[in-house]
Amino acid sequence: MTEPNTGLLLFYPYRALESRVLAALAAAGFDITLAQARLLQRVADQGSRLTELAAQAQVTKQAAGELVDQLVLRGYAERVPDPRDGRARLVRLAGRGRQAVATAAPVVAAVEAEWTAHLGADAMADLRRALLRLRQITDPWSSEGR
């Protein structure tokens, strides 16, 4: 059997982290689907345009709009005027969305602590440095990649 490619090796731990976060959110009473979570986690602190969210989540603008509609109805997100362009709207985290982020944060920290315990502090630090360098050429939405 051939070894998985690097992309899959990067995906497996992400999928495990994502599953743990979604399980914790569900246990805390948050009704967020995987698709909604993948979009919601891309909302910038100052808000994001729908077209940006769609591109980052690799979904159509229509699909992103439907997901945002669902998130708005459930109180996770809100649409607000874009202060840079009065004709445009931004998607921002709403109260319930901020609560979900606060609920997810300790789960993420716990998973990262488990990974550090498994790999060792030096290997984990090396992994993070390597991934941050890789992000420079793989994440067009990162300020570090520009």
# chains A, B, ... in the order shown; residues from 1 in each chain; ligands from 1
call {"tool": "select_by_dssp", "arguments": {"residues": "segment 32-115 of chain A", "states": "alpha helix (DSSP H)", "output": "MDAnalysis selection string"}}
result
chainID A and resid 34:40 50:57 61:73 95:115
call {"tool": "write_last_selection", "arguments": {"atoms": "C-alpha atoms", "output": "PDB file, in the first residue's frame"}}
result
ATOM      1  CA  LEU A  34     -20.042  21.055   9.008  1.00  0.00           C
ATOM      2  CA  ALA A  35     -20.713  23.258   5.965  1.00  0.00           C
ATOM      3  CA  GLN A  36     -21.885  26.135   8.159  1.00  0.00           C
ATOM      4  CA  ALA A  37     -18.857  25.782  10.440  1.00  0.00           C
ATOM      5  CA  ARG A  38     -16.443  25.800   7.525  1.00  0.00           C
ATOM      6  CA  LEU A  39     -17.949  29.064   6.320  1.00  0.00           C
ATOM      7  CA  LEU A  40     -18.357  30.613   9.765  1.00  0.00           C
ATOM      8  CA  LEU A  50     -20.083  37.044   0.755  1.00  0.00           C
ATOM      9  CA  THR A  51     -17.928  36.671  -2.369  1.00  0.00           C
ATOM     10  CA  GLU A  52     -14.802  36.399  -0.180  1.00  0.00           C
ATOM     11  CA  LEU A  53     -16.421  33.743   2.005  1.00  0.00           C
ATOM     12  CA  ALA A  54     -17.554  31.760  -1.022  1.00  0.00           C
ATOM     13  CA  ALA A  55     -14.068  31.832  -2.546  1.00  0.00           C
ATOM     14  CA  GLN A  56     -12.349  30.851   0.691  1.00  0.00           C
ATOM     15  CA  ALA A  57     -14.805  28.042   1.407  1.00  0.00           C
ATOM     16  CA  LYS A  61     -21.771  32.438  -4.121  1.00  0.00           C
ATOM     17  CA  GLN A  62     -25.303  31.014  -4.068  1.00  0.00           C
ATOM     18  CA  ALA A  63     -24.294  28.196  -1.693  1.00  0.00           C
ATOM     19  CA  ALA A  64     -22.457  30.645   0.556  1.00  0.00           C
ATOM     20  CA  GLY A  65     -25.520  32.904   0.558  1.00  0.00           C
ATOM     21  CA  GLU A  66     -27.748  30.010   1.634  1.00  0.00           C
ATOM     22  CA  LEU A  67     -25.345  29.053   4.409  1.00  0.00           C
ATOM     23  CA  VAL A  68     -25.160  32.653   5.622  1.00  0.00           C
ATOM     24  CA  ASP A  69     -28.978  32.870   5.552  1.00  0.00           C
ATOM     25  CA  GLN A  70     -29.105  29.787   7.797  1.00  0.00           C
ATOM     26  CA  LEU A  71     -26.470  31.232  10.136  1.00  0.00           C
ATOM     27  CA  VAL A  72     -28.296  34.565  10.344  1.00  0.00           C
ATOM     28  CA  LEU A  73     -31.597  32.838  11.145  1.00  0.00           C
ATOM     29  CA  GLY A  95     -23.738  36.915  19.552  1.00  0.00           C
ATOM     30  CA  ARG A  96     -24.363  33.194  19.202  1.00  0.00           C
ATOM     31  CA  GLY A  97     -21.487  32.925  16.725  1.00  0.00           C
ATOM     32  CA  ARG A  98     -19.121  34.566  19.205  1.00  0.00           C
ATOM     33  CA  GLN A  99     -20.376  32.139  21.880  1.00  0.00           C
ATOM     34  CA  ALA A 100     -19.674  29.203  19.565  1.00  0.00           C
ATOM     35  CA  VAL A 101     -16.149  30.481  18.913  1.00  0.00           C
ATOM     36  CA  ALA A 102     -15.589  30.828  22.668  1.00  0.00           C
ATOM     37  CA  THR A 103     -16.859  27.268  23.174  1.00  0.00           C
ATOM     38  CA  ALA A 104     -14.595  25.901  20.428  1.00  0.00           C
ATOM     39  CA  ALA A 105     -11.403  27.659  21.583  1.00  0.00           C
ATOM     40  CA  PRO A 106     -10.635  25.414  24.587  1.00  0.00           C
ATOM     41  CA  VAL A 107     -11.324  22.314  22.481  1.00  0.00           C
ATOM     42  CA  VAL A 108      -8.802  23.486  19.897  1.00  0.00           C
ATOM     43  CA  ALA A 109      -6.303  24.220  22.682  1.00  0.00           C
ATOM     44  CA  ALA A 110      -6.831  20.742  24.176  1.00  0.00           C
ATOM     45  CA  VAL A 111      -6.315  19.020  20.816  1.00  0.00           C
ATOM     46  CA  GLU A 112      -3.161  21.025  20.163  1.00  0.00           C
ATOM     47  CA  ALA A 113      -1.908  20.102  23.653  1.00  0.00           C
ATOM     48  CA  GLU A 114      -2.540  16.424  22.841  1.00  0.00           C
ATOM     49  CA  TRP A 115      -0.626  16.771  19.583  1.00  0.00           C
TER      50      TRP A 115
END
call {"tool": "select_by_dssp", "arguments": {"residues": "segment 6-139 of chain A", "states": "strand (DSSP E or B)", "output": "list in words"}}
result
Ser48, Ala77, Glu78, Arg79, Val80, Pro81, Asp82, Asp85, Gly86, Arg87, Ala88, Arg89, Leu90, Val91, Arg92 and Leu93 of chain A
call {"tool": "closest_residue", "arguments": {"among": "A:Pro13, A:Gly29, A:Pro83, A:Gly120", "to": "Gln46 of chain A", "atoms": "only C-alpha atoms"}}
result
A:Pro83
call {"tool": "residues_around", "arguments": {"residues": "segment 89-92 of chain A", "least_positions_apart": "5", "cutoff": "7 Å", "atoms": "only C-alpha atoms", "output": "ChimeraX atom specification"}}
result
/A:43,47-50,77-82
call {"tool": "atom_distance", "arguments": {"atom1": "atom CA of Leu127 of chain A", "atom2": "atom CA of Glu3 of chain A"}}
result
19.2 Å
call {"tool": "atom_distance", "arguments": {"atom1": "atom CA of Ala44 of chain A", "atom2": "atom CA of Trp141 of chain A"}}
result
10.6 Å
call {"tool": "atom_distance", "arguments": {"atom1": "atom CA of Ala24 of chain A", "atom2": "atom CA of Val59 of chain A"}}
result
25.4 Å
